[in-house]
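Just below is one structure, and these are the notes that go with it.
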Amino acid sequence: MIETIAPTATSPAPALKGGVGKRLNRAVRRNPLLSPSGMSEYVFSRLFRNLVYAQIWEDPDVDMAALRIEPGNSIVTIASGGCNALSYLVADPARIEAVDLNPAHVAFNRLKFAAAAHLPDYETFYRFYGQGDDKRNLDAYRLYLRPHLDEETRDYWESRTVTGRRRISIFHRRLYRHGLLGGFIGLGHKMARLYGADPRDLLQARTIEDQKRFFDETLAPLFEKRLIRWATTRKTSLFGLGIPPQQYEALSGAGSDMATILRQRVEKLACGFPLSENYFAWQAFGRGYGSDEFAPLPPYLSRQNFEAIRSRASRISITNTSLTEFLAAKAPQTVDRFILLDAQDWMTDAQLNGLWTEITRTAAPGARVVFRTAPAESLLPGRVDETILGRWTYHETESRALHDKDRSSIYGGFHLYEFKG
């Protein structure tokens, strides 16, 4: 078992920390520390150095429909929980280079990539990431994964948190209840139960009509409760969703109060798609994947994709840096597909222009970029210099259609741009 490994420090490995503090500060902090906005930004940047997403909350099927990945393509993506980066391997690209500012996400992805390559069979892989609640996962870590991890990543997983438990233990303690988002979802369940509602009951629905009825009768009234409406007016209350102060301001400036916006997003998540197709709904309302053999899963976790993922796992890598810095070190016209998640919602105009300068410089002919935004509209027009943005075609109609198909349902807009050359 993992407990036989020699004790290590209680903090993250120094090398994994690297310059993360400065990079996160540049990404998030814009105001003086002692101002109300500055304090919010400081708190968020500190929280974001720990594990936020055990599962990424962008729909990989929508990504791949938009990206039209072809064999031999070179992909650069922000990593987050790594589910989508691994899932893109199904399309047989030549390489996938992931980046992330968060050192915990880097360690999480290095472990996941090693698991895809070195766990002995699908059952062991699924037990690790599909269930995440079995002590045999610790034996699998020791036998199959630890020998293939770099020292920094081993130190991260084998060090102890303030609770005294090793970080690797989350894989036998309900993996998807951990991380900042996992804790936020858990808090949401507790608040719902205070008002006599149990979100897990949604998963008993057999039709979309049943799902809609449950939402209307049980979940929708929660957003009218005084405590919940008050909580959603606080920027810090949504840090658990990974929403930084800038993104909160963009949402709250869209003409609706935050409780109404969240109600709309939860409604689509709860009853916009059949439960048999939407693993995001299972995560939100059941705090894990379904146990049935036909339960929906991310592409990388599907049995039918296991051999393809394992055989191509050596094509994927992750670097602890910003996307702009990573692209600045690449040769021109060498990237075919870019996935930005919602990172641009955090950015100033100068940061947006810096990023798109590098995207445009490194884009191969016909390159495609996808990203999501908290509001519905693309944030690029009027902010990115037209000499740069004019070299890209915005597929607005296709973007809206793909947004409607996004099962995670937590973003206001999905956006697809194609390089003109």
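By order in the structure tokens, chains are A, B, ...; within a chain, residues start at 1; ligands start at 1, following the order shown.
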
Nearby residues (only C-alpha atoms) at most 8 Å from Glu70 (chain A), same-chain spacing under 3 positions excluded, as a ChimeraX atom specification
/A:73,91-93

Which residues of region 78-140 of chain A come within 12 Å of region 180-190 of chain A, and for each one, what is the closest pair of atoms and their distance in Å to one decimal, counting only C-alpha atoms, sorted by chain and residue number, as JSON lines?
{"residue": "A:Ser80", "atom": "CA", "partner": "A:Leu181", "partner_atom": "CA", "distance": 11.8}
{"residue": "A:Gly81", "atom": "CA", "partner": "A:Leu181", "partner_atom": "CA", "distance": 11.1}
{"residue": "A:Ala104", "atom": "CA", "partner": "A:Leu180", "partner_atom": "CA", "distance": 11.4}
{"residue": "A:His105", "atom": "CA", "partner": "A:Leu180", "partner_atom": "CA", "distance": 11.7}

For the residues in the current selection, export C-alpha atoms as a PDB file, in the first residue's frame.
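Heads up, here's the output in selection10.pdb:
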ATOM      1  CA  SER A  80      -7.754  21.728 -16.461  1.00  0.00           C
ATOM      2  CA  GLY A  81      -8.759  18.222 -15.304  1.00  0.00           C
ATOM      3  CA  ALA A 104      -1.999  20.819  -8.818  1.00  0.00           C
ATOM      4  CA  HIS A 105      -3.582  20.416 -12.246  1.00  0.00           C
TER       5      HIS A 105
END

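CA of Thr373 (chain A) lies 5.9 Å from CA of Gly412 (chain A).
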
Taking the chain letters and numbering used in this document, name the residues of region 148-322 of chain A that DSSP puts in strand (DSSP E), as a ChimeraX atom specification.
/A:316-319

I'd like the neighbourhood of His172 (chain A) as a JSON list (two decimals) with C-alpha atoms, in the first residue's frame, where a residue qualifies if any of its atoms comes within 12 Å (using only C-alpha atoms), though same-chain residues fewer than 3 positions away should be ignored.
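Output file result_30.json is given in full below:
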[["chain", "number", "residue", "atom", "x", "y", "z"],
["A", 1, "MET", "CA", 0.00, 0.00, 0.00],
["A", 2, "ILE", "CA", 1.02, 3.64, -0.45],
["A", 127, "ARG", "CA", -11.62, 1.82, -11.23],
["A", 128, "PHE", "CA", -9.07, 4.63, -10.92],
["A", 129, "TYR", "CA", -10.93, 7.38, -12.80],
["A", 130, "GLY", "CA", -14.47, 6.10, -13.27],
["A", 131, "GLN", "CA", -15.04, 5.13, -9.64],
["A", 132, "GLY", "CA", -12.17, 6.77, -7.76],
["A", 133, "ASP", "CA", -13.30, 5.08, -4.57],
["A", 134, "ASP", "CA", -11.34, 1.85, -4.11],
["A", 135, "LYS", "CA", -8.25, 1.14, -1.99],
["A", 136, "ARG", "CA", -6.92, -1.08, -4.76],
["A", 137, "ASN", "CA", -6.16, 2.16, -6.58],
["A", 138, "LEU", "CA", -3.34, 2.79, -4.12],
["A", 139, "ASP", "CA", -1.76, -0.54, -4.98],
["A", 140, "ALA", "CA", -2.16, 0.27, -8.68],
["A", 141, "TYR", "CA", -0.43, 3.61, -8.09],
["A", 165, "ARG", "CA", -3.64, 12.28, 4.48],
["A", 166, "ARG", "CA", -1.52, 11.70, 1.41],
["A", 167, "ARG", "CA", -2.87, 13.39, -1.68],
["A", 168, "ILE", "CA", -3.02, 10.10, -3.59],
["A", 169, "SER", "CA", -5.64, 8.91, -1.09],
["A", 175, "LEU", "CA", -12.29, 11.33, -6.18],
["A", 176, "TYR", "CA", -14.95, 13.64, -7.61],
["A", 177, "ARG", "CA", -15.88, 14.99, -4.19],
["A", 178, "HIS", "CA", -12.44, 16.59, -4.00]]

Give me, as CSV, the closest atom pair and its distance (Å, one decimal) for every residue of region 130-221 of chain A within a cut-off of 7 Å of region 267-281 of chain A, counting only C-alpha atoms, rows sorted by chain and rising number.
residue,atom,partner,partner_atom,distance
A:Thr207,CA,A:Pro274,CA,6.8
A:Ile208,CA,A:Pro274,CA,5.7
A:Gln211,CA,A:Cys271,CA,5.2
A:Lys212,CA,A:Cys271,CA,5.3
A:Phe215,CA,A:Glu267,CA,6.8

Okay, now the selection with N, CA, C and O atoms, as a compact mmCIF listing (two decimals), in the first residue's frame?
# COMPACT_ATOMS: atom_id res chain seq x y z
N THR A 207 -37.36 10.02 -17.96
CA THR A 207 -37.58 10.77 -19.20
C THR A 207 -37.19 12.22 -18.97
O THR A 207 -37.07 12.68 -17.84
N ILE A 208 -37.00 12.95 -20.08
CA ILE A 208 -36.72 14.38 -19.95
C ILE A 208 -37.90 15.09 -19.30
O ILE A 208 -37.71 16.06 -18.54
N GLN A 211 -37.38 14.77 -15.71
CA GLN A 211 -36.30 15.66 -15.30
C GLN A 211 -36.81 17.10 -15.17
O GLN A 211 -36.49 17.81 -14.21
N LYS A 212 -37.58 17.54 -16.17
CA LYS A 212 -38.13 18.89 -16.16
C LYS A 212 -39.05 19.09 -14.98
O LYS A 212 -39.02 20.14 -14.30
N PHE A 215 -37.03 19.46 -11.81
CA PHE A 215 -36.40 20.78 -11.73
C PHE A 215 -37.43 21.84 -11.33
O PHE A 215 -37.18 22.63 -10.42

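Neighbouring residues of Thr360 (chain A) at 9 Å or closer, counting only C-alpha atoms and skipping chain neighbours under 6 positions away, are Pro332, Gln333, Ile388, Leu389, Arg391, Trp392, Phe419 and Gly421 of chain A.
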
From a DSSP calculation on the backbone, collect every residue of region 129-339 of chain A in helix (DSSP H, G or I) and output the set as number ranges by chain.
A: 129-131, 136-148, 151-158, 167-172, 175-177, 179-194, 199-204, 208-224, 226-231, 235-241, 245-252, 258-271, 279-286, 299-301, 303-315, 323-328

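Close contacts of Arg400 (chain A), defined as residues with an atom at most 8 Å away when counting only C-alpha atoms, with chain neighbours fewer than 3 positions off set aside, comprise Glu396, Thr397, His403, Asp404, Gly413, Phe414 and His415 of chain A.
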
Taking N, CA and C atoms for each residue, export the selection above as a compact mmCIF listing (two decimals), in the first residue's frame.
# COMPACT_ATOMS: atom_id res chain seq x y z
N GLU A 396 -20.09 32.13 -36.48
CA GLU A 396 -21.07 32.49 -35.45
C GLU A 396 -22.25 31.52 -35.40
N THR A 397 -22.82 31.19 -36.54
CA THR A 397 -23.98 30.29 -36.56
C THR A 397 -23.62 28.91 -36.04
N HIS A 403 -22.98 25.46 -29.07
CA HIS A 403 -23.26 25.83 -27.69
C HIS A 403 -24.53 25.13 -27.19
N ASP A 404 -25.54 25.06 -28.04
CA ASP A 404 -26.79 24.42 -27.64
C ASP A 404 -26.59 22.93 -27.35
N GLY A 413 -21.57 31.03 -23.75
CA GLY A 413 -21.27 30.98 -25.16
C GLY A 413 -20.13 30.04 -25.50
N PHE A 414 -20.21 29.44 -26.69
CA PHE A 414 -19.14 28.63 -27.27
C PHE A 414 -18.75 29.31 -28.58
N HIS A 415 -17.45 29.38 -28.88
CA HIS A 415 -17.00 30.17 -30.01
C HIS A 415 -15.92 29.43 -30.81

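Using only C-alpha atoms, the nearest neighbour of Leu323 (chain A) within the list A:Phe338, A:Trp230, A:Trp57, A:Tyr126 is A:Phe338.
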